[in-house]
$ cat coords_30.pdb   # PDB, C-alpha atoms
ATOM      1  CA  MET V  18     -17.316  13.893  33.984
ATOM      2  CA  ALA V  19     -17.135  11.353  36.805
ATOM      3  CA  TRP V  20     -13.827  11.171  38.686
ATOM      4  CA  TRP V  21     -13.299   7.548  37.696
ATOM      5  CA  LYS V  22     -13.557   8.502  34.024
ATOM      6  CA  ILE V  23     -10.997  11.263  34.496
ATOM      7  CA  THR V  24      -8.707   8.827  36.291
ATOM      8  CA  VAL V  25      -9.011   6.230  33.544
ATOM      9  CA  PHE V  26      -8.347   8.857  30.869
ATOM     10  CA  LEU V  27      -5.278  10.246  32.640
ATOM     11  CA  GLY V  28      -4.030   6.703  33.211
ATOM     12  CA  PHE V  29      -4.392   5.941  29.507
ATOM     13  CA  VAL V  30      -2.520   9.095  28.499
ATOM     14  CA  THR V  31       0.261   8.376  31.021
ATOM     15  CA  VAL V  32       0.723   4.817  29.785
ATOM     16  CA  ALA V  33       0.682   5.958  26.149
ATOM     17  CA  VAL V  34       3.286   8.658  26.762
ATOM     18  CA  LEU V  35       5.560   6.310  28.728
ATOM     19  CA  ARG V  36       5.195   3.677  26.032
ATOM     20  CA  ARG V  37       6.155   6.194  23.385
ATOM     21  CA  MET V  38       9.149   7.445  25.385
ATOM     22  CA  LEU V  39      10.487   3.985  26.198
ATOM     23  CA  ARG V  40       9.791   2.224  22.911
ATOM     24  CA  ALA V  41      12.504   2.419  20.307
ATOM     25  CA  LYS V  42      11.262   3.122  16.818
ATOM     26  CA  ARG V  43      11.105   0.022  14.667
ATOM     27  CA  GLN V  44      13.610   0.012  11.844
ATOM     28  CA  CYS V  45      13.982  -2.445   8.988
ATOM     29  CA  PRO V  46      16.490  -5.053  10.253
ATOM     30  CA  SER V  47      18.046  -5.449   6.804
ATOM     31  CA  SER V  48      20.911  -3.178   5.774
ATOM     32  CA  ALA V  49      20.795  -4.350   2.135
ATOM     33  CA  GLN V  50      21.577  -1.687  -0.434
ATOM     34  CA  MET V  51      19.750  -1.308  -3.749
ATOM     35  CA  ASP V  52      22.506  -0.213  -6.110
ATOM     36  CA  GLY V  53      21.540  -1.055  -9.691
ATOM     37  CA  LYS V  54      17.953  -1.926  -8.696
ATOM     38  CA  THR V  55      14.866  -0.261 -10.138
ATOM     39  CA  VAL V  56      11.843   0.147  -7.872
ATOM     40  CA  ILE V  57       8.359   1.373  -8.778
ATOM     41  CA  ILE V  58       6.225   2.619  -5.904
ATOM     42  CA  THR V  59       2.659   3.845  -6.273
ATOM     43  CA  GLY V  60       1.406   6.665  -4.081
ATOM     44  CA  ALA V  61       4.974   7.912  -3.647
ATOM     45  CA  ASN V  62       4.040  11.535  -2.951
ATOM     46  CA  SER V  63       2.585  11.163   0.544
ATOM     47  CA  GLY V  64       2.339   9.054   3.688
ATOM     48  CA  ILE V  65       4.194   5.775   3.964
ATOM     49  CA  GLY V  66       4.677   5.724   0.195
ATOM     50  CA  LYS V  67       6.779   8.875   0.285
ATOM     51  CA  ALA V  68       8.624   7.684   3.380
ATOM     52  CA  ALA V  69       9.390   4.363   1.680
ATOM     53  CA  ALA V  70      10.588   6.140  -1.457
ATOM     54  CA  HIS V  71      12.908   8.215   0.722
ATOM     55  CA  GLU V  72      14.334   5.121   2.436
ATOM     56  CA  LEU V  73      14.857   3.330  -0.885
ATOM     57  CA  ALA V  74      16.525   6.407  -2.364
ATOM     58  CA  LYS V  75      18.927   6.432   0.580
ATOM     59  CA  ARG V  76      19.776   2.819  -0.311
ATOM     60  CA  ASN V  77      20.736   3.967  -3.828
ATOM     61  CA  ALA V  78      17.758   2.477  -5.668
ATOM     62  CA  ARG V  79      16.512   3.897  -8.948
ATOM     63  CA  VAL V  80      13.050   4.871  -7.695
ATOM     64  CA  ILE V  81      10.169   5.506 -10.074
ATOM     65  CA  LEU V  82       7.752   7.777  -8.222
ATOM     66  CA  ALA V  83       4.283   6.876  -9.494
ATOM     67  CA  CYS V  84       1.895   9.612  -8.353
ATOM     68  CA  ARG V  85      -1.634  10.664  -9.229
ATOM     69  CA  THR V  86      -0.451  13.895 -10.879
ATOM     70  CA  ILE V  87       2.814  14.695 -12.609
ATOM     71  CA  GLU V  88       3.086  17.883 -10.540
ATOM     72  CA  SER V  89       3.100  15.958  -7.259
ATOM     73  CA  ALA V  90       5.556  13.437  -8.714
ATOM     74  CA  ARG V  91       7.976  16.178  -9.763
ATOM     75  CA  GLU V  92       7.745  17.948  -6.418
ATOM     76  CA  THR V  93       8.375  14.665  -4.583
ATOM     77  CA  LYS V  94      11.375  13.995  -6.827
ATOM     78  CA  ARG V  95      12.792  17.443  -6.056
ATOM     79  CA  GLN V  96      12.383  16.941  -2.308
ATOM     80  CA  LEU V  97      13.864  13.449  -2.253
ATOM     81  CA  GLN V  98      16.820  14.399  -4.406
ATOM     82  CA  ALA V  99      17.566  17.274  -2.045
ATOM     83  CA  SER V 100      17.287  15.108   1.082
ATOM     84  CA  THR V 101      19.096  11.977  -0.169
ATOM     85  CA  GLY V 102      21.426  13.136  -2.930
ATOM     86  CA  ASN V 103      20.080  10.357  -5.151
ATOM     87  CA  ASN V 104      19.829  11.579  -8.735
ATOM     88  CA  CYS V 105      18.312   8.336 -10.041
ATOM     89  CA  LEU V 106      14.722   9.291  -9.280
ATOM     90  CA  VAL V 107      12.032   9.318 -11.955
ATOM     91  CA  ALA V 108       8.752  11.253 -11.735
ATOM     92  CA  LYS V 109       5.763   9.609 -13.412
ATOM     93  CA  GLU V 110       2.028  10.245 -13.505
ATOM     94  CA  LEU V 111      -0.151   7.279 -12.559
ATOM     95  CA  ASN V 112      -3.823   7.755 -11.795
ATOM     96  CA  LEU V 113      -5.089   4.401 -10.558
ATOM     97  CA  ALA V 114      -8.665   5.635 -10.925
ATOM     98  CA  SER V 115      -8.154   5.568 -14.688
ATOM     99  CA  LEU V 116      -7.390   2.358 -16.568
ATOM    100  CA  LYS V 117      -6.243   4.532 -19.475
ATOM    101  CA  SER V 118      -3.699   6.209 -17.203
ATOM    102  CA  VAL V 119      -2.470   2.825 -15.935
ATOM    103  CA  LYS V 120      -1.986   1.611 -19.517
ATOM    104  CA  GLN V 121      -0.170   4.800 -20.511
ATOM    105  CA  PHE V 122       2.112   4.551 -17.479
ATOM    106  CA  CYS V 123       2.988   0.927 -18.214
ATOM    107  CA  SER V 124       3.593   1.701 -21.878
ATOM    108  CA  GLN V 125       6.095   4.398 -20.896
ATOM    109  CA  ILE V 126       7.817   2.191 -18.340
ATOM    110  CA  LEU V 127       8.191  -0.715 -20.765
ATOM    111  CA  ALA V 128       9.634   1.632 -23.378
ATOM    112  CA  GLU V 129      12.079   3.321 -20.995
ATOM    113  CA  GLU V 130      13.088   0.748 -18.373
ATOM    114  CA  ASP V 131      15.087  -2.371 -19.152
ATOM    115  CA  SER V 132      14.503  -3.811 -15.672
ATOM    116  CA  ILE V 133      11.995  -3.675 -12.836
ATOM    117  CA  HIS V 134      13.282  -5.352  -9.698
ATOM    118  CA  VAL V 135      10.604  -4.314  -7.210
ATOM    119  CA  LEU V 136       6.993  -3.226  -7.735
ATOM    120  CA  ILE V 137       5.374  -1.783  -4.612
ATOM    121  CA  ASN V 138       1.570  -1.541  -4.771
ATOM    122  CA  ASN V 139       1.081   1.030  -2.035
ATOM    123  CA  ALA V 140      -1.345   3.751  -3.169
ATOM    124  CA  GLY V 141      -4.815   3.687  -1.701
ATOM    125  CA  VAL V 142      -8.062   5.512  -1.029
ATOM    126  CA  PHE V 143      -9.544   5.316   2.477
ATOM    127  CA  GLN V 144     -13.235   5.650   3.299
ATOM    128  CA  CYS V 145     -14.082   8.224   0.650
ATOM    129  CA  PRO V 146     -17.671   9.284  -0.099
ATOM    130  CA  TYR V 147     -19.316   7.139  -2.758
ATOM    131  CA  SER V 148     -17.958   7.799  -6.217
ATOM    132  CA  LYS V 149     -16.795   5.898  -9.264
ATOM    133  CA  THR V 150     -13.626   5.860 -11.302
ATOM    134  CA  GLU V 151     -13.792   7.061 -14.900
ATOM    135  CA  ASP V 152     -14.311   3.410 -15.886
ATOM    136  CA  GLY V 153     -17.379   3.002 -13.661
ATOM    137  CA  LEU V 154     -15.683   1.096 -10.832
ATOM    138  CA  GLU V 155     -16.467   1.901  -7.200
ATOM    139  CA  MET V 156     -13.613   4.222  -6.187
ATOM    140  CA  GLN V 157     -12.051   2.321  -3.288
ATOM    141  CA  MET V 158     -12.147  -1.059  -5.000
ATOM    142  CA  GLY V 159     -11.194   0.595  -8.285
ATOM    143  CA  VAL V 160      -8.047   2.281  -6.962
ATOM    144  CA  ASN V 161      -6.979  -0.112  -4.232
ATOM    145  CA  HIS V 162      -7.506  -3.324  -6.199
ATOM    146  CA  PHE V 163      -8.489  -3.068  -9.874
ATOM    147  CA  GLY V 164      -5.962  -0.356 -10.760
ATOM    148  CA  HIS V 165      -3.136  -2.284  -9.128
ATOM    149  CA  PHE V 166      -4.326  -5.543 -10.690
ATOM    150  CA  LEU V 167      -3.973  -4.058 -14.163
ATOM    151  CA  LEU V 168      -0.679  -2.338 -13.334
ATOM    152  CA  THR V 169       0.873  -5.552 -12.047
ATOM    153  CA  ASN V 170      -0.265  -7.696 -14.942
ATOM    154  CA  LEU V 171       0.962  -5.236 -17.567
ATOM    155  CA  LEU V 172       4.421  -5.155 -15.944
ATOM    156  CA  LEU V 173       4.750  -8.892 -15.270
ATOM    157  CA  GLU V 174       6.896  -9.749 -18.279
ATOM    158  CA  ARG V 175       9.452  -7.067 -17.422
ATOM    159  CA  LEU V 176       9.512  -8.302 -13.827
ATOM    160  CA  LYS V 177      10.125 -11.840 -15.118
ATOM    161  CA  GLN V 178      12.993 -10.559 -17.258
ATOM    162  CA  SER V 179      14.511  -8.920 -14.154
ATOM    163  CA  THR V 180      14.468 -11.884 -11.788
ATOM    164  CA  PRO V 181      14.975 -12.259  -8.964
ATOM    165  CA  SER V 182      12.304  -9.613  -8.531
ATOM    166  CA  ARG V 183       9.546  -8.790  -6.087
ATOM    167  CA  ILE V 184       5.966  -7.602  -5.953
ATOM    168  CA  VAL V 185       5.095  -6.013  -2.625
ATOM    169  CA  ILE V 186       1.412  -5.491  -1.829
ATOM    170  CA  VAL V 187       0.491  -3.178   1.035
ATOM    171  CA  GLY V 188      -2.529  -4.568   2.864
ATOM    172  CA  SER V 189      -4.309  -3.763   6.098
ATOM    173  CA  SER V 190      -5.535  -5.715   9.096
ATOM    174  CA  LEU V 191      -8.956  -4.209   8.345
ATOM    175  CA  HIS V 192      -9.247  -6.754   5.526
ATOM    176  CA  ARG V 193     -10.514  -9.154   8.211
ATOM    177  CA  ARG V 194     -13.811  -7.231   8.171
ATOM    178  CA  GLY V 195     -14.057  -7.463   4.416
ATOM    179  CA  SER V 196     -16.076  -9.615   2.042
ATOM    180  CA  ILE V 197     -16.351  -9.548  -1.730
ATOM    181  CA  ASN V 198     -19.923  -8.981  -2.872
ATOM    182  CA  PHE V 199     -19.736 -10.250  -6.436
ATOM    183  CA  ASP V 200     -23.405  -9.400  -6.949
ATOM    184  CA  ASP V 201     -22.735  -5.723  -6.209
ATOM    185  CA  ILE V 202     -19.030  -5.268  -6.922
ATOM    186  CA  HIS V 203     -19.510  -1.555  -7.674
ATOM    187  CA  SER V 204     -21.569  -0.955  -4.505
ATOM    188  CA  GLU V 205     -24.450   0.452  -6.518
ATOM    189  CA  ARG V 206     -27.148  -1.047  -4.283
ATOM    190  CA  SER V 207     -25.478  -0.388  -0.961
ATOM    191  CA  TYR V 208     -22.392   1.576   0.063
ATOM    192  CA  LYS V 209     -20.751   1.870   3.468
ATOM    193  CA  LYS V 210     -17.389   3.552   3.167
ATOM    194  CA  ALA V 211     -15.680   1.632   5.992
ATOM    195  CA  GLN V 212     -16.937  -1.689   4.639
ATOM    196  CA  ALA V 213     -15.876  -0.778   1.113
ATOM    197  CA  TYR V 214     -12.340  -0.081   2.316
ATOM    198  CA  ALA V 215     -12.171  -3.397   4.159
ATOM    199  CA  ASP V 216     -13.469  -5.168   1.047
ATOM    200  CA  SER V 217     -10.795  -3.561  -1.121
ATOM    201  CA  LYS V 218      -8.020  -4.581   1.267
ATOM    202  CA  LEU V 219      -9.328  -8.140   1.325
ATOM    203  CA  ALA V 220      -9.184  -8.018  -2.480
ATOM    204  CA  ASN V 221      -5.509  -7.028  -2.188
ATOM    205  CA  LEU V 222      -4.722 -10.150  -0.177
ATOM    206  CA  LEU V 223      -6.772 -12.499  -2.337
ATOM    207  CA  PHE V 224      -4.877 -11.057  -5.310
ATOM    208  CA  ALA V 225      -1.530 -11.533  -3.562
ATOM    209  CA  ARG V 226      -2.156 -15.205  -2.856
ATOM    210  CA  GLN V 227      -3.413 -15.966  -6.355
ATOM    211  CA  LEU V 228      -0.532 -14.054  -7.913
ATOM    212  CA  ALA V 229       2.016 -15.933  -5.813
ATOM    213  CA  ASP V 230       0.515 -19.257  -6.929
ATOM    214  CA  LYS V 231       0.545 -18.260 -10.584
ATOM    215  CA  LEU V 232       4.160 -17.044 -10.391
ATOM    216  CA  GLU V 233       5.563 -19.999  -8.466
ATOM    217  CA  GLY V 234       8.933 -20.916  -9.934
ATOM    218  CA  SER V 235       9.122 -17.741 -12.046
ATOM    219  CA  GLY V 236      11.703 -15.969  -9.902
ATOM    220  CA  ILE V 237       9.194 -13.297  -8.882
ATOM    221  CA  HIS V 238       8.466 -13.273  -5.156
ATOM    222  CA  VAL V 239       5.094 -11.913  -4.043
ATOM    223  CA  VAL V 240       4.608 -10.712  -0.474
ATOM    224  CA  ALA V 241       1.768  -8.858   1.205
ATOM    225  CA  LEU V 242       2.208  -6.856   4.379
ATOM    226  CA  HIS V 243       0.350  -5.009   7.086
ATOM    227  CA  PRO V 244       2.169  -1.760   8.008
ATOM    228  CA  GLY V 245       0.234  -1.268  11.252
ATOM    229  CA  MET V 246      -1.676   1.815  12.335
ATOM    230  CA  VAL V 247       0.121   4.866  10.983
ATOM    231  CA  ALA V 248      -0.703   8.561  11.226
ATOM    232  CA  THR V 249      -0.856   9.758   7.603
ATOM    233  CA  ASN V 250      -3.124  11.800   5.343
ATOM    234  CA  LEU V 251      -4.867   8.597   4.251
ATOM    235  CA  SER V 252      -7.651   9.642   6.627
ATOM    236  CA  ARG V 253      -8.361  12.855   4.696
ATOM    237  CA  HIS V 254     -11.894  11.681   3.889
ATOM    238  CA  VAL V 255     -12.574  10.958   7.570
ATOM    239  CA  LEU V 256     -11.098  14.068   9.175
ATOM    240  CA  SER V 257     -11.033  17.607   7.858
ATOM    241  CA  ARG V 258      -7.606  19.009   7.020
ATOM    242  CA  TRP V 259      -7.447  21.266  10.062
ATOM    243  CA  LYS V 260      -8.554  18.509  12.441
ATOM    244  CA  ALA V 261      -5.949  16.164  11.003
ATOM    245  CA  ALA V 262      -3.279  18.863  11.366
ATOM    246  CA  LEU V 263      -4.169  19.300  15.029
ATOM    247  CA  LEU V 264      -4.481  15.604  15.837
ATOM    248  CA  TYR V 265      -1.455  14.284  13.925
ATOM    249  CA  PRO V 266       1.275  15.413  16.371
ATOM    250  CA  LEU V 267      -0.897  14.369  19.322
ATOM    251  CA  VAL V 268      -1.581  10.821  18.149
ATOM    252  CA  VAL V 269       2.077  10.338  17.189
ATOM    253  CA  PHE V 270       3.111  11.586  20.627
ATOM    254  CA  LEU V 271       0.658   9.194  22.251
ATOM    255  CA  GLY V 272       2.058   6.200  20.414
ATOM    256  CA  LEU V 273       0.712   5.980  16.857
ATOM    257  CA  ARG V 274       3.575   5.550  14.423
ATOM    258  CA  ASP V 275       4.557   8.210  11.934
ATOM    259  CA  ALA V 276       5.124   7.548   8.239
ATOM    260  CA  GLN V 277       8.875   7.016   8.598
ATOM    261  CA  GLU V 278       8.343   4.236  11.107
ATOM    262  CA  GLY V 279       5.254   2.938   9.342
ATOM    263  CA  CYS V 280       7.073   2.340   6.062
ATOM    264  CA  GLN V 281       9.680   0.001   7.535
ATOM    265  CA  ALA V 282       7.743  -3.189   6.735
ATOM    266  CA  ILE V 283       7.577  -2.034   3.108
ATOM    267  CA  ILE V 284      11.344  -1.558   3.075
ATOM    268  CA  TYR V 285      11.895  -4.963   4.649
ATOM    269  CA  CYS V 286       9.732  -6.705   2.057
ATOM    270  CA  SER V 287      11.488  -4.799  -0.723
ATOM    271  CA  VAL V 288      15.123  -5.351   0.240
ATOM    272  CA  ALA V 289      15.615  -8.143   2.791
ATOM    273  CA  LYS V 290      17.252 -11.326   1.533
ATOM    274  CA  GLU V 291      15.006 -13.378   3.829
ATOM    275  CA  ILE V 292      11.966 -12.518   1.692
ATOM    276  CA  THR V 293      13.203 -14.752  -1.133
ATOM    277  CA  GLY V 294      11.890 -17.734   0.837
ATOM    278  CA  LEU V 295       8.582 -16.143   1.775
ATOM    279  CA  SER V 296       6.726 -15.734  -1.525
ATOM    280  CA  GLY V 297       2.998 -15.971  -0.946
ATOM    281  CA  LYS V 298       3.323 -14.944   2.697
ATOM    282  CA  TYR V 299       1.825 -12.153   4.788
ATOM    283  CA  ILE V 300       4.358 -10.062   6.722
ATOM    284  CA  SER V 301       3.493  -8.114   9.856
ATOM    285  CA  LYS V 302       4.674  -4.674  10.930
ATOM    286  CA  ASN V 303       7.212  -6.516  13.114
ATOM    287  CA  PHE V 304       8.916  -8.098  10.071
ATOM    288  CA  VAL V 305       7.720 -11.620  10.785
ATOM    289  CA  GLU V 306       5.363 -13.929   8.934
ATOM    290  CA  SER V 307       1.758 -13.504  10.027
ATOM    291  CA  PRO V 308      -1.010 -16.065   9.453
ATOM    292  CA  TRP V 309      -3.522 -15.400   6.704
ATOM    293  CA  SER V 310      -7.040 -14.704   7.925
ATOM    294  CA  PRO V 311      -9.819 -17.163   7.007
ATOM    295  CA  ALA V 312     -11.236 -14.555   4.605
ATOM    296  CA  ALA V 313      -7.904 -14.247   2.773
ATOM    297  CA  LEU V 314      -7.669 -18.049   2.494
ATOM    298  CA  ASN V 315     -10.887 -18.304   0.481
ATOM    299  CA  ASP V 316      -9.472 -19.766  -2.737
ATOM    300  CA  HIS V 317     -12.856 -19.853  -4.457
ATOM    301  CA  ALA V 318     -13.313 -16.107  -3.907
ATOM    302  CA  ALA V 319      -9.720 -15.461  -4.986
ATOM    303  CA  ARG V 320     -10.143 -17.293  -8.289
ATOM    304  CA  LYS V 321     -13.503 -15.641  -8.921
ATOM    305  CA  LEU V 322     -12.064 -12.200  -8.173
ATOM    306  CA  TRP V 323      -9.122 -12.811 -10.508
ATOM    307  CA  LYS V 324     -11.430 -13.757 -13.374
ATOM    308  CA  LEU V 325     -13.656 -10.730 -12.740
ATOM    309  CA  SER V 326     -10.622  -8.450 -12.534
ATOM    310  CA  GLU V 327      -9.406  -9.726 -15.908
ATOM    311  CA  GLN V 328     -12.806  -9.045 -17.447
ATOM    312  CA  LEU V 329     -12.985  -5.502 -16.055
ATOM    313  CA  THR V 330      -9.415  -4.321 -16.627
ATOM    314  CA  LEU V 331      -7.310  -6.270 -19.099
ATOM    315  CA  PRO V 332      -7.309  -5.259 -22.795
TER     316      PRO V 332
END
$ encode --input "coords_30.pdb" --output "structure tokens"
Amino acid sequence: MAWWKITVFLGFVTVAVLRRMLRAKRQCPSSAQMDGKTVIITGANSGIGKAAAHELAKRNARVILACRTIESARETKRQLQASTGNNCLVAKELNLASLKSVKQFCSQILAEEDSIHVLINNAGVFQCPYSKTEDGLEMQMGVNHFGHFLLTNLLLERLKQSTPSRIVIVGSSLHRRGSINFDDIHSERSYKKAQAYADSKLANLLFARQLADKLEGSGIHVVALHPGMVATNLSRHVLSRWKAALLYPLVVFLGLRDAQEGCQAIIYCSVAKEITGLSGKYISKNFVESPWSPAALNDHAARKLWKLSEQLTLP
């Protein structure tokens, strides 16, 4: 390796380490507590979902841990109860790759919960090999968008009955690379896993904007957010488990945020009083309003996606 390359590399590492040492971890600026509030969070058993569930439990929320398997939900409940002392945690199975599972979950919630104050659509699949959900939907679009679309719509009436309430949609800056191919929505003709992820995150934001418009004046506030680059197991389809285990502490040390720091924008959107005036907005990892991208502002695509989503998911 040329000396200049070594110098550049060492300079990068030095700057990254100094940045990490000098930069204070971002924390949600709101100290609001959640006593008497019920929160549903999808993907609560790992990554920023689990970290967010932990933070909300510390704020005394009744947290419904919606996880792909009941075993992972119960284990997460046990861990969070032990670490926070909050005994108002509920373990539930929710497989977003199954519309039947989504319907069963919502049926249980509506039968058991009088109120839902916050719904956090967090769970996601990242750059997985091509596969389909049990309903024939491309996996990334199926889990990241269609599953959450159905979940949200089936719970809307209970959210309306619990106003003021919130729907928090976890997006990604990668949505800027996305586009919705309505002629190949299931990626049967062509599939590129990075593109499919970007497309699904664009779908999240188009959904958020349409939902906010439809719920204007209802007392339900809809916000989307970008949590920033976070070191989590979301990349399990990109890196092998042992590579991820080796790289995780290194990338965190060099400046990438861990799950506890990465979940803070979710907490802010879920608890902060300021959010009540920001329905239909996009919140950055720094807790401030961020402009929508041109792709996310495509109202024609948003309306078309909503209609297609109704056709593919709603009873």
$ resolve_selection --input "coords_30.pdb" --expression "the PyMOL selection byres ((chain V and resi 243) around 8)" --output "list of chain:residue names"
V:Val187, V:Gly188, V:Ser189, V:Ser190, V:Ala241, V:Leu242, V:Pro244, V:Gly245, V:Ala282, V:Tyr299, V:Ile300, V:Ser301, V:Lys302
$ axis_aligned_box --input "coords_30.pdb" --around "stretch 287-299 of chain V" --padding-each-side "6 Å" --output "lines of an AutoDock Vina configuration file"
center_x = 9.5
center_y = -11.3
center_z = 1.6
size_x = 27.4
size_y = 24.9
size_z = 18.3
$ resolve_selection --input "coords_30.pdb" --expression "the PyMOL selection byres ((chain V and resi 310) around 12)" --output "PDB file with C-alpha atoms, in the frame of the given file"
ATOM      1  CA  SER V 189      -4.309  -3.763   6.098  1.00  0.00           C
ATOM      2  CA  SER V 190      -5.535  -5.715   9.096  1.00  0.00           C
ATOM      3  CA  LEU V 191      -8.956  -4.209   8.345  1.00  0.00           C
ATOM      4  CA  HIS V 192      -9.247  -6.754   5.526  1.00  0.00           C
ATOM      5  CA  ARG V 193     -10.514  -9.154   8.211  1.00  0.00           C
ATOM      6  CA  ARG V 194     -13.811  -7.231   8.171  1.00  0.00           C
ATOM      7  CA  GLY V 195     -14.057  -7.463   4.416  1.00  0.00           C
ATOM      8  CA  SER V 196     -16.076  -9.615   2.042  1.00  0.00           C
ATOM      9  CA  LEU V 219      -9.328  -8.140   1.325  1.00  0.00           C
ATOM     10  CA  LEU V 222      -4.722 -10.150  -0.177  1.00  0.00           C
ATOM     11  CA  LEU V 223      -6.772 -12.499  -2.337  1.00  0.00           C
ATOM     12  CA  ARG V 226      -2.156 -15.205  -2.856  1.00  0.00           C
ATOM     13  CA  LYS V 298       3.323 -14.944   2.697  1.00  0.00           C
ATOM     14  CA  TYR V 299       1.825 -12.153   4.788  1.00  0.00           C
ATOM     15  CA  SER V 307       1.758 -13.504  10.027  1.00  0.00           C
ATOM     16  CA  PRO V 308      -1.010 -16.065   9.453  1.00  0.00           C
ATOM     17  CA  TRP V 309      -3.522 -15.400   6.704  1.00  0.00           C
ATOM     18  CA  PRO V 311      -9.819 -17.163   7.007  1.00  0.00           C
ATOM     19  CA  ALA V 312     -11.236 -14.555   4.605  1.00  0.00           C
ATOM     20  CA  ALA V 313      -7.904 -14.247   2.773  1.00  0.00           C
ATOM     21  CA  LEU V 314      -7.669 -18.049   2.494  1.00  0.00           C
ATOM     22  CA  ASN V 315     -10.887 -18.304   0.481  1.00  0.00           C
TER      23      ASN V 315
END
$ atom_distance --input "coords_30.pdb" --atom1 "atom CA of V:Ser132" --atom2 "atom CA of V:Cys105"
13.9 Å
$ resolve_selection --input "coords_30.pdb" --expression "the PyMOL selection byres ((chain V and resi 285-289) around 7)" --output "PyMOL selection string"
chain V and resi 45+47+49+135+183+185+240+281-284+290-292+304
$ atom_distance --input "coords_30.pdb" --atom1 "atom CA of V:Val305" --atom2 "atom CA of V:Tyr214"
24.6 Å
$ residues_around --input "coords_30.pdb" --residues "stretch 71-88 of chain V" --least-positions-apart "3" --cutoff "9 Å" --atoms "all atoms listed in the file" --output "PyMOL selection string"
chain V and resi 48-62+66-68+91-94+97-98+100-114+122+140+277+280-281+284+287-288
$ atom_distance --input "coords_30.pdb" --atom1 "atom CA of V:Cys145" --atom2 "atom CA of V:Leu322"
22.3 Å
$ closest_residue --input "coords_30.pdb" --among "V:Glu155, V:Glu130, V:Glu306, V:Glu174" --to "V:Asp201" --atoms "only C-alpha atoms"
V:Glu155
$ closest_residue --input "coords_30.pdb" --among "V:Gly141, V:Gly297, V:Gly279, V:Gly153" --to "V:Ile184" --atoms "only C-alpha atoms"
V:Gly297
$ closest_residue --input "coords_30.pdb" --among "V:Asn221, V:Ser182, V:His203, V:Ser296" --to "V:Glu233" --atoms "all atoms listed in the file"
V:Ser296
$ residues_around --input "coords_30.pdb" --residues "V:Asn198" --least-positions-apart "6" --cutoff "12 Å" --atoms "only C-alpha atoms" --output "MDAnalysis selection string"
chainID V and resid 158 204:208 212:213 215:217 219:220 318 321:322 325
$ closest_residue --input "coords_30.pdb" --among "V:Lys177, V:Ser63, V:Leu232, V:Asp275" --to "V:Met246" --atoms "all atoms listed in the file"
V:Asp275
$ closest_residue --input "coords_30.pdb" --among "V:His165, V:Ala69, V:Lys149, V:Leu173" --to "V:Ser326" --atoms "all atoms listed in the file"
V:His165
$ closest_residue --input "coords_30.pdb" --among "V:Ser115, V:Asn161, V:Gln44, V:Gln121" --to "V:Gln144" --atoms "all atoms listed in the file"
V:Asn161
$ decode --input "coords_30.pdb" --residues "stretch 304-312 of chain V" --atoms "N, CA, C and O atoms" --output "compact mmCIF listing (two decimals), in the first residue's frame"
# COMPACT_ATOMS: atom_id res chain seq x y z
N PHE V 304 -33.61 15.55 15.89
CA PHE V 304 -34.86 15.99 16.51
C PHE V 304 -35.40 17.29 15.91
O PHE V 304 -36.13 18.03 16.58
N VAL V 305 -35.09 17.55 14.67
CA VAL V 305 -35.61 18.74 14.01
C VAL V 305 -36.31 18.32 12.72
O VAL V 305 -36.03 17.26 12.16
N GLU V 306 -37.22 19.18 12.26
CA GLU V 306 -37.92 18.88 11.02
C GLU V 306 -36.95 18.89 9.84
O GLU V 306 -36.10 19.77 9.71
N SER V 307 -37.07 17.89 9.00
CA SER V 307 -36.22 17.76 7.82
C SER V 307 -37.10 17.85 6.58
O SER V 307 -38.24 17.40 6.60
N PRO V 308 -36.61 18.45 5.50
CA PRO V 308 -37.45 18.56 4.30
C PRO V 308 -37.70 17.20 3.66
O PRO V 308 -36.83 16.32 3.66
N TRP V 309 -38.88 17.03 3.11
CA TRP V 309 -39.20 15.83 2.35
C TRP V 309 -38.39 15.83 1.06
O TRP V 309 -38.15 16.88 0.46
N SER V 310 -37.98 14.68 0.62
CA SER V 310 -37.28 14.57 -0.66
C SER V 310 -38.29 14.71 -1.79
O SER V 310 -39.50 14.51 -1.59
N PRO V 311 -37.84 15.05 -3.00
CA PRO V 311 -38.76 15.12 -4.14
C PRO V 311 -39.52 13.81 -4.35
O PRO V 311 -40.71 13.82 -4.68
N ALA V 312 -38.85 12.67 -4.14
CA ALA V 312 -39.51 11.38 -4.34
C ALA V 312 -40.66 11.21 -3.36
O ALA V 312 -41.73 10.71 -3.70
